[in-house]
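Data from input_18.tsv: TSV, N, CA, C and O atoms and all ligand atoms
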```
chain	number	residue	atom	x	y	z
A	258	MET	N	13.59	-25.38	-8.24
A	258	MET	CA	12.33	-24.65	-8.02
A	258	MET	C	11.35	-24.97	-9.13
A	258	MET	O	11.64	-24.77	-10.30
A	259	LEU	N	10.21	-25.48	-8.76
A	259	LEU	CA	9.19	-25.83	-9.74
A	259	LEU	C	8.22	-24.68	-9.95
A	259	LEU	O	7.80	-24.03	-9.00
A	260	ILE	N	7.85	-24.47	-11.19
A	260	ILE	CA	6.87	-23.43	-11.50
A	260	ILE	C	5.77	-24.07	-12.34
A	260	ILE	O	6.05	-24.71	-13.34
A	261	SER	N	4.55	-23.88	-11.94
A	261	SER	CA	3.46	-24.47	-12.70
A	261	SER	C	3.12	-23.62	-13.92
A	261	SER	O	3.20	-22.39	-13.86
A	262	GLU	N	2.80	-24.24	-14.99
A	262	GLU	CA	2.35	-23.63	-16.24
A	262	GLU	C	2.85	-22.21	-16.49
A	262	GLU	O	4.00	-22.01	-16.76
A	263	ASP	N	1.98	-21.24	-16.36
A	263	ASP	CA	2.34	-19.87	-16.70
A	263	ASP	C	2.85	-19.10	-15.49
A	263	ASP	O	2.31	-19.21	-14.40
A	264	LEU	N	3.85	-18.30	-15.73
A	264	LEU	CA	4.32	-17.39	-14.70
A	264	LEU	C	3.30	-16.28	-14.49
A	264	LEU	O	2.73	-15.76	-15.44
A	265	THR	N	3.13	-15.90	-13.27
A	265	THR	CA	2.41	-14.66	-13.00
A	265	THR	C	3.42	-13.53	-12.92
A	265	THR	O	4.62	-13.77	-12.81
A	266	CYS	N	2.92	-12.31	-12.98
A	266	CYS	CA	3.81	-11.16	-12.87
A	266	CYS	C	4.57	-11.19	-11.55
A	266	CYS	O	5.76	-10.89	-11.49
A	267	ARG	N	3.90	-11.56	-10.49
A	267	ARG	CA	4.55	-11.59	-9.18
A	267	ARG	C	5.67	-12.63	-9.17
A	267	ARG	O	6.75	-12.38	-8.65
A	268	GLU	N	5.42	-13.77	-9.77
A	268	GLU	CA	6.46	-14.80	-9.83
A	268	GLU	C	7.65	-14.32	-10.64
A	268	GLU	O	8.81	-14.57	-10.31
A	269	LEU	N	7.35	-13.61	-11.71
A	269	LEU	CA	8.43	-13.08	-12.54
A	269	LEU	C	9.31	-12.13	-11.74
A	269	LEU	O	10.53	-12.19	-11.80
A	270	VAL	N	8.66	-11.25	-10.98
A	270	VAL	CA	9.42	-10.31	-10.15
A	270	VAL	C	10.33	-11.06	-9.17
A	270	VAL	O	11.47	-10.68	-8.95
A	271	GLU	N	9.81	-12.15	-8.64
A	271	GLU	CA	10.61	-12.95	-7.70
A	271	GLU	C	11.81	-13.61	-8.38
A	271	GLU	O	12.83	-13.85	-7.77
A	272	LEU	N	11.66	-13.93	-9.67
A	272	LEU	CA	12.69	-14.69	-10.38
A	272	LEU	C	13.69	-13.82	-11.12
A	272	LEU	O	14.67	-14.32	-11.66
A	273	VAL	N	13.43	-12.49	-11.14
A	273	VAL	CA	14.21	-11.65	-12.04
A	273	VAL	C	15.71	-11.67	-11.72
A	273	VAL	O	16.54	-11.72	-12.63
A	274	THR	N	16.06	-11.70	-10.43
A	274	THR	CA	17.49	-11.71	-10.11
A	274	THR	C	18.14	-13.02	-10.54
A	274	THR	O	19.24	-13.03	-11.07
A	275	GLU	N	17.42	-14.11	-10.33
A	275	GLU	CA	17.95	-15.41	-10.74
A	275	GLU	C	18.09	-15.49	-12.25
A	275	GLU	O	19.03	-16.07	-12.79
A	276	TYR	N	17.12	-14.89	-12.94
A	276	TYR	CA	17.19	-14.85	-14.40
A	276	TYR	C	18.45	-14.13	-14.86
A	276	TYR	O	19.19	-14.63	-15.71
A	277	LEU	N	18.70	-12.96	-14.29
A	277	LEU	CA	19.85	-12.17	-14.70
A	277	LEU	C	21.17	-12.80	-14.29
A	277	LEU	O	22.19	-12.60	-14.92
A	278	GLU	N	21.12	-13.59	-13.23
A	278	GLU	CA	22.31	-14.32	-12.79
A	278	GLU	C	22.53	-15.59	-13.62
A	278	GLU	O	23.57	-16.23	-13.52
A	279	GLY	N	21.53	-15.94	-14.41
A	279	GLY	CA	21.63	-17.14	-15.23
A	279	GLY	C	21.44	-18.41	-14.43
A	279	GLY	O	21.90	-19.47	-14.84
A	280	SER	N	20.76	-18.32	-13.31
A	280	SER	CA	20.62	-19.50	-12.45
A	280	SER	C	19.27	-20.20	-12.58
A	280	SER	O	18.99	-21.14	-11.84
A	281	LEU	N	18.47	-19.78	-13.54
A	281	LEU	CA	17.21	-20.49	-13.79
A	281	LEU	C	17.47	-21.73	-14.65
A	281	LEU	O	18.41	-21.76	-15.44
A	282	SER	N	16.61	-22.72	-14.49
A	282	SER	CA	16.69	-23.88	-15.38
A	282	SER	C	16.23	-23.45	-16.77
A	282	SER	O	15.56	-22.43	-16.92
A	283	PRO	N	16.58	-24.23	-17.79
A	283	PRO	CA	16.13	-23.88	-19.15
A	283	PRO	C	14.62	-23.72	-19.25
A	283	PRO	O	14.13	-22.82	-19.94
A	284	GLU	N	13.86	-24.57	-18.54
A	284	GLU	CA	12.40	-24.48	-18.57
A	284	GLU	C	11.91	-23.19	-17.93
A	284	GLU	O	11.01	-22.52	-18.45
A	285	GLU	N	12.50	-22.86	-16.80
A	285	GLU	CA	12.11	-21.63	-16.12
A	285	GLU	C	12.46	-20.41	-16.97
A	285	GLU	O	11.69	-19.45	-17.06
A	286	ARG	N	13.60	-20.48	-17.58
A	286	ARG	CA	14.06	-19.39	-18.43
A	286	ARG	C	13.10	-19.19	-19.61
A	286	ARG	O	12.73	-18.07	-19.95
A	287	ASP	N	12.66	-20.28	-20.20
A	287	ASP	CA	11.69	-20.22	-21.30
A	287	ASP	C	10.41	-19.53	-20.85
A	287	ASP	O	9.90	-18.65	-21.54
A	288	ARG	N	9.90	-19.96	-19.72
A	288	ARG	CA	8.66	-19.36	-19.22
A	288	ARG	C	8.84	-17.88	-18.92
A	288	ARG	O	7.98	-17.06	-19.21
A	289	PHE	N	9.97	-17.58	-18.32
A	289	PHE	CA	10.28	-16.19	-17.99
A	289	PHE	C	10.27	-15.35	-19.27
A	289	PHE	O	9.61	-14.31	-19.34
A	290	GLU	N	10.99	-15.81	-20.28
A	290	GLU	CA	11.12	-15.03	-21.51
A	290	GLU	C	9.80	-14.94	-22.27
A	290	GLU	O	9.47	-13.91	-22.86
A	291	GLN	N	9.02	-16.01	-22.22
A	291	GLN	CA	7.70	-15.97	-22.86
A	291	GLN	C	6.81	-14.93	-22.20
A	291	GLN	O	6.06	-14.22	-22.85
A	292	HIS	N	6.90	-14.86	-20.89
A	292	HIS	CA	6.08	-13.88	-20.16
A	292	HIS	C	6.51	-12.46	-20.52
A	292	HIS	O	5.67	-11.61	-20.79
A	293	VAL	N	7.81	-12.22	-20.54
A	293	VAL	CA	8.31	-10.88	-20.82
A	293	VAL	C	7.89	-10.41	-22.22
A	293	VAL	O	7.54	-9.25	-22.41
A	294	VAL	N	7.90	-11.34	-23.17
A	294	VAL	CA	7.49	-11.00	-24.53
A	294	VAL	C	6.04	-10.54	-24.56
A	294	VAL	O	5.66	-9.63	-25.29
A	295	LEU	N	5.21	-11.17	-23.73
A	295	LEU	CA	3.77	-10.91	-23.78
A	295	LEU	C	3.31	-9.83	-22.81
A	295	LEU	O	2.18	-9.35	-22.91
A	296	CYS	N	4.18	-9.45	-21.87
A	296	CYS	CA	3.74	-8.57	-20.80
A	296	CYS	C	4.58	-7.30	-20.77
A	296	CYS	O	5.75	-7.34	-20.41
A	297	ASP	N	3.99	-6.19	-21.17
A	297	ASP	CA	4.71	-4.92	-21.20
A	297	ASP	C	5.21	-4.53	-19.80
A	297	ASP	O	6.28	-3.96	-19.65
A	298	GLY	N	4.40	-4.79	-18.80
A	298	GLY	CA	4.77	-4.42	-17.43
A	298	GLY	C	6.05	-5.11	-17.01
A	298	GLY	O	6.94	-4.49	-16.43
A	299	CYS	N	6.16	-6.39	-17.29
A	299	CYS	CA	7.33	-7.15	-16.88
A	299	CYS	C	8.54	-6.81	-17.76
A	299	CYS	O	9.67	-6.80	-17.28
A	300	ALA	N	8.29	-6.52	-19.03
A	300	ALA	CA	9.37	-6.07	-19.90
A	300	ALA	C	9.96	-4.78	-19.35
A	300	ALA	O	11.17	-4.59	-19.29
A	301	PHE	N	9.08	-3.89	-18.91
A	301	PHE	CA	9.50	-2.63	-18.30
A	301	PHE	C	10.27	-2.88	-17.02
A	301	PHE	O	11.33	-2.31	-16.78
A	302	TYR	N	9.75	-3.75	-16.19
A	302	TYR	CA	10.39	-4.08	-14.92
A	302	TYR	C	11.79	-4.64	-15.16
A	302	TYR	O	12.76	-4.20	-14.54
A	303	LEU	N	11.89	-5.58	-16.09
A	303	LEU	CA	13.18	-6.19	-16.40
A	303	LEU	C	14.17	-5.13	-16.87
A	303	LEU	O	15.34	-5.15	-16.50
A	304	GLU	N	13.68	-4.20	-17.66
A	304	GLU	CA	14.54	-3.13	-18.16
A	304	GLU	C	15.03	-2.25	-17.00
A	304	GLU	O	16.19	-1.83	-16.97
A	305	GLN	N	14.14	-1.98	-16.06
A	305	GLN	CA	14.53	-1.19	-14.88
A	305	GLN	C	15.63	-1.90	-14.09
A	305	GLN	O	16.59	-1.27	-13.66
A	306	ILE	N	15.48	-3.18	-13.92
A	306	ILE	CA	16.48	-3.95	-13.17
A	306	ILE	C	17.81	-3.95	-13.90
A	306	ILE	O	18.86	-3.76	-13.32
A	307	ARG	N	17.75	-4.14	-15.21
A	307	ARG	CA	18.99	-4.13	-16.00
A	307	ARG	C	19.69	-2.79	-15.89
A	307	ARG	O	20.91	-2.72	-15.81
A	308	THR	N	18.90	-1.71	-15.91
A	308	THR	CA	19.47	-0.38	-15.78
A	308	THR	C	20.13	-0.22	-14.41
A	308	THR	O	21.24	0.30	-14.29
A	309	THR	N	19.44	-0.70	-13.38
A	309	THR	CA	19.98	-0.64	-12.02
A	309	THR	C	21.30	-1.38	-11.93
A	309	THR	O	22.27	-0.89	-11.36
A	310	VAL	N	21.34	-2.55	-12.52
A	310	VAL	CA	22.56	-3.36	-12.50
A	310	VAL	C	23.68	-2.65	-13.25
A	310	VAL	O	24.82	-2.61	-12.79
A	311	ALA	N	23.34	-2.05	-14.37
A	311	ALA	CA	24.34	-1.33	-15.16
A	311	ALA	C	24.90	-0.16	-14.37
A	311	ALA	O	26.09	0.13	-14.44
A	312	LEU	N	24.05	0.51	-13.61
A	312	LEU	CA	24.47	1.68	-12.85
A	312	LEU	C	25.26	1.31	-11.60
A	312	LEU	O	26.23	1.96	-11.26
A	313	THR	N	24.82	0.26	-10.92
A	313	THR	CA	25.45	-0.10	-9.66
A	313	THR	C	26.54	-1.14	-9.84
A	313	THR	O	27.38	-1.33	-8.96
A	314	GLY	N	26.51	-1.85	-10.97
A	314	GLY	CA	27.50	-2.88	-11.21
A	314	GLY	C	27.30	-4.12	-10.38
A	314	GLY	O	28.14	-5.00	-10.35
A	315	SER	N	26.17	-4.20	-9.71
A	315	SER	CA	25.91	-5.38	-8.91
A	315	SER	C	24.45	-5.75	-8.95
A	315	SER	O	23.59	-4.92	-9.27
A	316	LEU	N	24.17	-6.97	-8.64
A	316	LEU	CA	22.80	-7.44	-8.65
A	316	LEU	C	22.50	-8.13	-7.32
A	316	LEU	O	22.99	-9.21	-7.05
A	317	THR	N	21.75	-7.44	-6.51
A	317	THR	CA	21.34	-8.02	-5.24
A	317	THR	C	19.87	-7.71	-5.01
A	317	THR	O	19.32	-6.79	-5.63
A	318	GLU	N	19.25	-8.46	-4.15
A	318	GLU	CA	17.86	-8.18	-3.80
A	318	GLU	C	17.74	-6.75	-3.28
A	318	GLU	O	16.76	-6.07	-3.52
A	319	GLU	N	18.79	-6.32	-2.56
A	319	GLU	CA	18.76	-4.99	-1.95
A	319	GLU	C	18.81	-3.88	-2.99
A	319	GLU	O	18.40	-2.76	-2.72
A	320	SER	N	19.38	-4.20	-4.17
A	320	SER	CA	19.49	-3.16	-5.19
A	320	SER	C	18.14	-2.84	-5.81
A	320	SER	O	17.99	-1.83	-6.50
A	321	ILE	N	17.17	-3.70	-5.59
A	321	ILE	CA	15.81	-3.42	-6.02
A	321	ILE	C	15.06	-2.88	-4.81
A	321	ILE	O	14.80	-3.61	-3.87
A	322	SER	N	14.78	-1.59	-4.83
A	322	SER	CA	14.16	-1.00	-3.65
A	322	SER	C	12.76	-1.55	-3.45
A	322	SER	O	12.04	-1.81	-4.41
A	323	PRO	N	12.38	-1.75	-2.20
A	323	PRO	CA	11.02	-2.23	-1.91
A	323	PRO	C	9.96	-1.32	-2.51
A	323	PRO	O	8.91	-1.79	-2.96
A	324	GLU	N	10.25	-0.02	-2.51
A	324	GLU	CA	9.31	0.94	-3.06
A	324	GLU	C	9.07	0.68	-4.55
A	324	GLU	O	7.94	0.64	-5.02
A	325	ALA	N	10.17	0.50	-5.29
A	325	ALA	CA	10.05	0.25	-6.72
A	325	ALA	C	9.28	-1.04	-6.98
A	325	ALA	O	8.44	-1.12	-7.87
A	326	ARG	N	9.58	-2.03	-6.18
A	326	ARG	CA	8.93	-3.32	-6.30
A	326	ARG	C	7.42	-3.20	-6.09
A	326	ARG	O	6.62	-3.68	-6.89
A	327	GLU	N	7.06	-2.55	-5.01
A	327	GLU	CA	5.64	-2.40	-4.69
A	327	GLU	C	4.92	-1.54	-5.72
A	327	GLU	O	3.78	-1.82	-6.08
A	328	LEU	N	5.62	-0.51	-6.17
A	328	LEU	CA	5.04	0.36	-7.19
A	328	LEU	C	4.71	-0.44	-8.44
A	328	LEU	O	3.61	-0.37	-8.98
A	329	LEU	N	5.66	-1.24	-8.87
A	329	LEU	CA	5.46	-2.02	-10.09
A	329	LEU	C	4.38	-3.07	-9.89
A	329	LEU	O	3.55	-3.30	-10.75
A	330	LEU	N	4.39	-3.70	-8.74
A	330	LEU	CA	3.35	-4.70	-8.47
A	330	LEU	C	1.98	-4.04	-8.42
A	330	LEU	O	0.99	-4.62	-8.83
A	331	GLY	N	1.93	-2.80	-7.94
A	331	GLY	CA	0.68	-2.06	-7.93
A	331	GLY	C	0.21	-1.76	-9.34
A	331	GLY	O	-0.97	-1.89	-9.65
A	332	VAL	N	1.15	-1.42	-10.21
A	332	VAL	CA	0.84	-1.18	-11.61
A	332	VAL	C	0.28	-2.46	-12.24
A	332	VAL	O	-0.70	-2.44	-12.96
A	333	PHE	N	0.91	-3.56	-11.94
A	333	PHE	CA	0.43	-4.84	-12.47
A	333	PHE	C	-1.00	-5.09	-12.05
A	333	PHE	O	-1.84	-5.51	-12.84
A	334	ARG	N	-1.29	-4.85	-10.79
A	334	ARG	CA	-2.65	-5.09	-10.29
A	334	ARG	C	-3.66	-4.25	-11.05
A	334	ARG	O	-4.73	-4.74	-11.42
A	335	ASP	N	-3.30	-2.97	-11.28
A	335	ASP	CA	-4.21	-2.09	-12.01
A	335	ASP	C	-4.48	-2.62	-13.41
A	335	ASP	O	-5.60	-2.62	-13.89
A	336	TRP	N	-3.41	-3.07	-14.07
A	336	TRP	CA	-3.55	-3.55	-15.44
A	336	TRP	C	-4.45	-4.79	-15.52
A	336	TRP	O	-5.12	-5.02	-16.51
A	337	LYS	N	-4.36	-5.59	-14.49
A	337	LYS	CA	-5.17	-6.81	-14.49
A	337	LYS	C	-6.62	-6.52	-14.10
A	337	LYS	O	-7.41	-7.44	-13.97
A	338	GLY	N	-6.91	-5.27	-13.83
A	338	GLY	CA	-8.26	-4.90	-13.45
A	338	GLY	C	-8.60	-5.33	-12.04
A	338	GLY	O	-9.71	-5.73	-11.72
A	339	GLY	N	-7.62	-5.24	-11.14
A	339	GLY	CA	-7.83	-5.61	-9.75
A	339	GLY	C	-7.36	-7.02	-9.59
A	339	GLY	O	-7.62	-7.71	-8.68
B	1	ZN	ZN	3.88	-9.72	-16.28
```
Show me this structure written as structure tokens.
Ligand SMILES: [Zn+2]
Amino acid sequence: MLISEDLTCRELVELVTEYLEGSLSPEERDRFEQHVVLCDGCAFYLEQIRTTVALTGSLTEESISPEARELLLGVFRDWKGG
């Protein structure tokens, strides 16, 4: 999977399960981690996913509720000023 230059928040959300599974390439992983360092919203999101995984013991797309996903993406939109 190719990713151009900078990750967007939406791209990060899409990649988070692969990141936690360790299935990203080194380049993708670098971009992911650089984004998380700079973006409080995504750092928060990643923390939520990690907590979910810790609680459920599994990592699946289904374990991330659509509601939580949309809520966070909505927060991101607000932060970016629309
Ligand atoms: Zn972000």
Surrounding residues as a CSV table (one decimal) with N, CA, C and O atoms, in the coordinates of the input, ligand ZN 1 (chain B), max 7 Å, only C-alpha atoms and all ligand atoms:
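Full text of part-v8.csv as output:
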```csv
chain,number,residue,atom,x,y,z
A,265,THR,N,3.1,-15.9,-13.3
A,265,THR,CA,2.4,-14.7,-13.0
A,265,THR,C,3.4,-13.5,-12.9
A,265,THR,O,4.6,-13.8,-12.8
A,266,CYS,N,2.9,-12.3,-13.0
A,266,CYS,CA,3.8,-11.2,-12.9
A,266,CYS,C,4.6,-11.2,-11.6
A,266,CYS,O,5.8,-10.9,-11.5
A,269,LEU,N,7.4,-13.6,-11.7
A,269,LEU,CA,8.4,-13.1,-12.5
A,269,LEU,C,9.3,-12.1,-11.7
A,269,LEU,O,10.5,-12.2,-11.8
A,292,HIS,N,6.9,-14.9,-20.9
A,292,HIS,CA,6.1,-13.9,-20.2
A,292,HIS,C,6.5,-12.5,-20.5
A,292,HIS,O,5.7,-11.6,-20.8
A,293,VAL,N,7.8,-12.2,-20.5
A,293,VAL,CA,8.3,-10.9,-20.8
A,293,VAL,C,7.9,-10.4,-22.2
A,293,VAL,O,7.5,-9.2,-22.4
A,296,CYS,N,4.2,-9.4,-21.9
A,296,CYS,CA,3.7,-8.6,-20.8
A,296,CYS,C,4.6,-7.3,-20.8
A,296,CYS,O,5.8,-7.3,-20.4
A,297,ASP,N,4.0,-6.2,-21.2
A,297,ASP,CA,4.7,-4.9,-21.2
A,297,ASP,C,5.2,-4.5,-19.8
A,297,ASP,O,6.3,-4.0,-19.6
A,298,GLY,N,4.4,-4.8,-18.8
A,298,GLY,CA,4.8,-4.4,-17.4
A,298,GLY,C,6.0,-5.1,-17.0
A,298,GLY,O,6.9,-4.5,-16.4
A,299,CYS,N,6.2,-6.4,-17.3
A,299,CYS,CA,7.3,-7.2,-16.9
A,299,CYS,C,8.5,-6.8,-17.8
A,299,CYS,O,9.7,-6.8,-17.3
```
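Between atom O of Glu284 in chain A and atom C of Gly314 in chain A the interatomic distance comes to 25.9 Å.
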| said: So that I can see what lies close to Asp287 in chain A, please list as number ranges by chain the residues with an atom at most 12 Å from it, counting only C-alpha atoms and leaving out residues fewer than 5 positions away in the same chain. | reply: A: 260, 262-264, 269, 276, 281-282, 292-294
| message | If I take atom C of Glu268 in chain A and atom N of Glu327 in chain A, how far is one from the other in Å, to one decimal? | response |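 Result for atom C of Glu268 in chain A versus atom N of Glu327 in chain A: 13.1 Å, one decimal.
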| Coordinates-based distance that separates atom C of Arg307 in chain A from atom O of Glu285 in chain A (Å, one decimal) | 18.5 Å
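Considering all atoms listed in the file, the residue among A:Arg288, A:Pro283, A:Val273, A:Glu278 positioned nearest to Tyr302 in chain A is A:Val273.
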| Leu277 in chain A environment, 10 Å, only C-alpha atoms, sequence neighbours closer than 5 positions dropped, as an MDAnalysis selection string | chainID A and resid 272 286 303 306:307 310 316
Take the residues that were just selected and, keeping N, CA, C and O atoms, output them as a CSV table (one decimal), in the frame of the given file.
```
chain,number,residue,atom,x,y,z
A,272,LEU,N,11.7,-13.9,-9.7
A,272,LEU,CA,12.7,-14.7,-10.4
A,272,LEU,C,13.7,-13.8,-11.1
A,272,LEU,O,14.7,-14.3,-11.7
A,286,ARG,N,13.6,-20.5,-17.6
A,286,ARG,CA,14.1,-19.4,-18.4
A,286,ARG,C,13.1,-19.2,-19.6
A,286,ARG,O,12.7,-18.1,-20.0
A,303,LEU,N,11.9,-5.6,-16.1
A,303,LEU,CA,13.2,-6.2,-16.4
A,303,LEU,C,14.2,-5.1,-16.9
A,303,LEU,O,15.3,-5.2,-16.5
A,306,ILE,N,15.5,-3.2,-13.9
A,306,ILE,CA,16.5,-4.0,-13.2
A,306,ILE,C,17.8,-4.0,-13.9
A,306,ILE,O,18.9,-3.8,-13.3
A,307,ARG,N,17.8,-4.1,-15.2
A,307,ARG,CA,19.0,-4.1,-16.0
A,307,ARG,C,19.7,-2.8,-15.9
A,307,ARG,O,20.9,-2.7,-15.8
A,310,VAL,N,21.3,-2.6,-12.5
A,310,VAL,CA,22.6,-3.4,-12.5
A,310,VAL,C,23.7,-2.6,-13.2
A,310,VAL,O,24.8,-2.6,-12.8
A,316,LEU,N,24.2,-7.0,-8.6
A,316,LEU,CA,22.8,-7.4,-8.6
A,316,LEU,C,22.5,-8.1,-7.3
A,316,LEU,O,23.0,-9.2,-7.0
```
